[in-house]
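Colleague: One structure is given below, represented as structure tokens, and several questions about it will come after.
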Amino acid sequence: MSRRHVRLLAWGLAILTFPLHVQAATGNPHHGRPRHQRPATPARPRVEAITVNAQRRDFSYPEAQHVPDADTRLTAARLIERGVVSLRGLERVAPNLTIQSINGTASTNFYLRGVGFNDFTQNNMPTVLSYFDDVPFAFSTMTDGMMFDMAGAEVTPGPVGTRHGQSDTGGEVRLRTNDPTDTWHYGARQDIASYARSRSEAYVSGPLAKGLSFRLAGQTQQGGGWQRDPLNGDHLGDANLWALRGKLKWTPDSHTTLMISGHFTQDDNEVVNGIPVHQLVGTSGLPVEGWQQTEWSMRDAFAHLIGRKTGLKPSEHDQFWGADVHFSHDFGPVTFSSISAFETEREGEYTDQDGTALAQADTYRTIDANAFTQEARLQSSHPHDRFQWTVGAFYQRSRMQQRFFFDYTDYVPQRGYMMATHFGMDQESTSEFGNISYRFPHGVTLWAGLLHEIDDRSISGLQSVIFGGSQQDFHGESTAAAQYAGQAGVSWQAARHALVYFKISKGFKPGGFTANNTQVQAQLDPFKPETVLTYELGLKSDLFPNRLRLNAAAFYNDYHNQQIVGTVLIPNYGPLSEITNAPKSESWGFEATLDIHPFAHLFVTQNLGWQRGNFQNFPTVNRAATNAYYAQHGVWKAIDDNFAGVDNGQPKLTLNGNAEWRQPLGPHYGLDVGPDWLYRDSQAITPGGTGFYRLPPYFLLGAHMTFHPASSHWSATVYATNLLNRRYAESGGMATTTYFYIPGAPRFVGGRISCDF
């Protein structure tokens with residue numbers, strides 16, 4: 001054997017035996033060596049390529065095992081496999097996460113670790129922020145139709161804001177879309193399923209000139225409606241959506257990147273209509289309906305009032321568009337980055353909230369909103385240095401005009417009229433943030449961060465009109481807050497494949513306004529800012545590398561003025577929801593993700609979330625007792641109560657996971673097959689709710705089978721969701737006369753073909 005062969009063999013053995021965990025942690029297998037001792041540059045790509053392929057075949061994101069956080073990181077492949085095509089689908093792949101539709105529409109409410117609140121008007125800052133490509137969306141509805149051509153997603157629980165963006169108390173969801181490529185790539189995906197549902201995606205990406213590349217992607221969604229009106233046989237719920245996204249990337253040199261992105265969504269989807277489960281007012285009784293049946297109506301007079309066609313079904317008529325500019329430059333020791341974005345929302349939304357053919361709570365909402373955000377950051381350029389730092393500033397300005405139209409014509413004698421409420425919202429905030437960390441010997445790292453934020457909000461021009469009757473004009477209100485948020489923690493790389501950490505975080509969320517169906521000036525009193533002090537202890541471990549991974553975290557949240565949907569009683573009108581503050585509350589729990597690869601071909605992922613929470617002081621109107629008093633006496637009387645010691649009502653236990661058997665079929669093809677599952681515990685609609693005030697628990701089972709070549713250039717999949725065809729309530733709420741559930745989708749069986757070249 002020649003000396004050259006001996007040297008090559010030695011290099012090969014060194015590559016195969018070099019500790020994989022060090023490579024994953026640093027992203028550089030030569031980290032820590034003096035520069036003059038490092039091998040020649042051509043050898044480095046060979047080492048990194050072998051490491052990445054070996055790790056990703058088993059468990060994804062090996063480098064994140066050395067990051068002290070409780071984030072859930074999701075690959076694009078996992079999102080596709082589990083059918084995650086909207087924000088709500090993320091609750092199927094992350095622990096302790098509940099994302100619910102508001103009245104069956106595109107608007108969503110988040111609950112992460114039980115933290116969140118039901119904001120029907122979506123005019124306040126959410127408890128959990130949504131980011132697309134590092135751009136925060138002030139209103140979660142703006143994410144509608146955006147989840148296609150995805151690169152991945154991350155879910156971060158707990159207070160955030162010292163590294164980027166803005167502060168929040170519940171956490172954030174960060175979604176990443178694919179960037180332009182320097183070589184030509186293109187692909188398409190077609191998904192067809194039950195109820196004539198169709199989803200189509202396509203993209204093309206490649207170079208335009210030296211240093212200049214682009215990516216263009218789009219999607220359409222059609223059909224899928226599974227509800228029917230028992231009165232006339234009409235069906236409801238068909239999708240009718242299309243969206244486009246384009247990116248242009250310019251890299252004039254190896255240190256500078258400029259990315260310009262734009263997107264547009266047209267959403268004319270029909271919504272999922274509610275099913276009444278309890279009648280609050282009247283004696284006519286609820287319609288007898290199956291789980292896939294619902295009633296709705298659109299009176300000609302109401303259609304004329306809102307300027308839409310007669311016979312309109314509950315549906316969206318929305319447009320969302322926006323653009324953003326990302327710039328970064330590496331100056332050597334420091335990197336500067338800037339993100340500028342402008343997002344718009346034009347929404348027209350019709351919902352039949354009483355779920356009957358009567359006009360008792362028919363609602364049409366229009367929104368005209370926009371938001372501008374600007375973030376600038378300076379940070380250390382070398383991620384493997386012992387000392388890391390980030391400083392930055394963030395600015396946001398949003399404007400919103402909303403108008404609600406209500407048809408109560410059949411709600412007599414209490415109302416029996418049509419009415420409208422209009423208001424405007426202005427918001428502006430600035431924040432400065434910084435974060436530092438230092439890695440000591442023996443695997444110990446300390447870090448700390450601080451954010452200061454000033455937020456100003458005002459509501460103006462609120463007017464409530466009863467057509468053919470009275471008009472009320474309300475004077476404007478404003479609220480301002482200046483608060484600090486921060487974080488401090490320590491982590492210890494206790495062993496090669498075991499990291500433990502502890503951190504304390506303070507989160508801040510500004511106050512705001514309840515702006516729905518306003519009847520008296522007092523309803524516009526602003527609610528206070530919310531703060532939380534969170535303690536978190538976490539573990540990340542590859543107990544048996546590439547065989548068994550366990551990540552877990554335990555947490556305790558100490559809340560002050562937690563923003564909660566309470567109840568206010570309007571004399572001679574009835575109870576209405578109002579966002580208020582619980583002066584003192586707490587929650588605690590844990591979550592875990594278990595990845596198992598016990599033997600060849602079998603891969604299992606199990607997410608578990610458990611949380612409890614109590615109000616320690618929460619005075620408000622007891623809606624259940626107030627409704628019961630009205631049912632008995634026919635008079636509205638507020639029954640005041642303090643929910644001290646009452647459970648916060650969020651699901652105590654959430655489970656989701658999947659198993660997959662990956663079977664090679666000769667040297668050129670493979671077959672992946674397995675089930676997936678989801679369990680969500682019961683959830684209260686109102687504080688202390690029982691009976692129909694609480695959504696029942698449910699368990700869903702799905703399955704998939706995928707045939708693909710070894711090259712993975714194409715694949716063919718058959719799948720089923722809700723395989724057992726379970727009946728379950730995805731969310732719920734209250735209209736003027738009824739409590740209703742928003743039913744979850746029945747069994748869907750479908751097929752998906754995709755190709756990427």
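Following the order of the structure tokens, first chain is A, next is B, and so on, with residues numbered from 1 inside each chain and ligands from 1 in the order they appear.
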Using only C-alpha atoms, determine which residues lie at most 10 Å from A:Thr310, disregarding the query and same-chain residues fewer than 2 positions distant; provide the list as number ranges by chain.

Modeller: A: 297-304, 307-308, 312-313

Colleague: Store the residues picked out above in a file with N, CA, C and O atoms, as a tab-separated table (two decimals), in the first residue's frame.

Modeller:
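File produced: out.tsv:
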```tsv
chain	number	residue	atom	x	y	z
A	297	SER	N	-78.36	31.48	7.45
A	297	SER	CA	-79.32	32.29	6.70
A	297	SER	C	-78.66	33.61	6.34
A	297	SER	O	-77.72	34.06	6.99
A	298	MET	N	-79.15	34.21	5.28
A	298	MET	CA	-78.73	35.56	4.89
A	298	MET	C	-79.96	36.27	4.35
A	298	MET	O	-80.38	36.03	3.21
A	299	ARG	N	-80.57	37.10	5.17
A	299	ARG	CA	-81.75	37.83	4.74
A	299	ARG	C	-81.37	38.83	3.64
A	299	ARG	O	-80.29	39.43	3.65
A	300	ASP	N	-82.29	39.04	2.69
A	300	ASP	CA	-82.04	39.96	1.59
A	300	ASP	C	-81.73	41.37	2.11
A	300	ASP	O	-80.86	42.07	1.58
A	301	ALA	N	-82.45	41.79	3.14
A	301	ALA	CA	-82.23	43.14	3.69
A	301	ALA	C	-80.83	43.27	4.28
A	301	ALA	O	-80.17	44.31	4.14
A	302	PHE	N	-80.35	42.21	4.91
A	302	PHE	CA	-79.01	42.24	5.49
A	302	PHE	C	-77.95	42.22	4.39
A	302	PHE	O	-76.94	42.93	4.47
A	303	ALA	N	-78.18	41.40	3.35
A	303	ALA	CA	-77.25	41.36	2.22
A	303	ALA	C	-77.15	42.73	1.56
A	303	ALA	O	-76.05	43.18	1.19
A	304	HIS	N	-78.28	43.40	1.41
A	304	HIS	CA	-78.28	44.74	0.82
A	304	HIS	C	-77.52	45.73	1.70
A	304	HIS	O	-76.78	46.59	1.21
A	307	GLY	N	-73.79	45.13	1.32
A	307	GLY	CA	-73.29	45.23	-0.04
A	307	GLY	C	-72.79	43.93	-0.62
A	307	GLY	O	-71.92	43.94	-1.50
A	308	ARG	N	-73.33	42.79	-0.17
A	308	ARG	CA	-72.94	41.49	-0.72
A	308	ARG	C	-74.17	40.84	-1.37
A	308	ARG	O	-75.31	41.25	-1.15
A	312	LEU	N	-75.70	34.70	0.41
A	312	LEU	CA	-74.30	34.50	0.74
A	312	LEU	C	-74.15	33.45	1.84
A	312	LEU	O	-74.84	33.48	2.85
A	313	LYS	N	-73.23	32.50	1.63
A	313	LYS	CA	-72.92	31.51	2.66
A	313	LYS	C	-71.90	32.08	3.64
A	313	LYS	O	-71.15	33.00	3.30
```

Colleague: Per residue of stretch 262-337 of chain A within 7 Å of stretch 103-121 of chain A, note the shortest atom pair and the distance in Å to one decimal, counting only C-alpha atoms, and order the rows by chain and increasing residue number, as CSV.

Modeller:
```
residue,atom,partner,partner_atom,distance
A:Val271,CA,A:Thr105,CA,5.5
A:Val272,CA,A:Gly104,CA,4.6
A:Asn273,CA,A:Gly104,CA,6.0
A:Gly274,CA,A:Asn103,CA,7.0
```

Colleague: Just the selected residues (C-alpha atoms), exported as a PDB file, in the first residue's frame, please.

Modeller:
```pdb
ATOM      1  CA  VAL A 271     -66.056  28.863   6.813  1.00  0.00           C
ATOM      2  CA  VAL A 272     -66.968  26.069   9.200  1.00  0.00           C
ATOM      3  CA  ASN A 273     -70.283  27.025  10.796  1.00  0.00           C
ATOM      4  CA  GLY A 274     -71.111  26.458  14.454  1.00  0.00           C
TER       5      GLY A 274
END
```

Colleague: What's around A:Tyr195 at 12 Å? Count only C-alpha atoms, leave out sequence neighbours fewer than 2 positions away in its own chain, and write the answer as number ranges by chain.

Modeller: A: 192-193, 197-198, 222-228, 235-239, 745-750

Colleague: Listing only residues of stretch 416-435 of chain A within 8 Å of stretch 376-394 of chain A, what is the closest atom pair and its distance in Å (to one decimal) for each, using only C-alpha atoms, sorted by chain and residue number ascending, as a tab-separated table?

Modeller:
```
residue	atom	partner	partner_atom	distance
A:Thr430	CA	A:Phe394	CA	5.7
A:Ser431	CA	A:Phe394	CA	5.2
A:Glu432	CA	A:Ala393	CA	4.3
A:Phe433	CA	A:Gly392	CA	5.4
A:Gly434	CA	A:Val391	CA	4.2
A:Asn435	CA	A:Thr390	CA	5.1
```

Colleague: Generate a file of the selected residues that holds C-alpha atoms, formatted as a JSON list (two decimals), in the first residue's frame.

Modeller:
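The resulting result_39.json:
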```json
[["chain", "number", "residue", "atom", "x", "y", "z"],
["A", 430, "THR", "CA", -40.51, 51.02, 20.06],
["A", 431, "SER", "CA", -38.15, 48.71, 21.88],
["A", 432, "GLU", "CA", -34.45, 48.23, 22.45],
["A", 433, "PHE", "CA", -32.98, 44.86, 23.33],
["A", 434, "GLY", "CA", -29.70, 43.14, 24.02],
["A", 435, "ASN", "CA", -28.41, 39.69, 24.91]]
```

Colleague: Name all residues at most 7 Å from A:Pro743 (count only C-alpha atoms; drop same-chain ones fewer than 6 positions away) and give them as a PyMOL selection string.

Modeller: chain A and resi 274+728-730
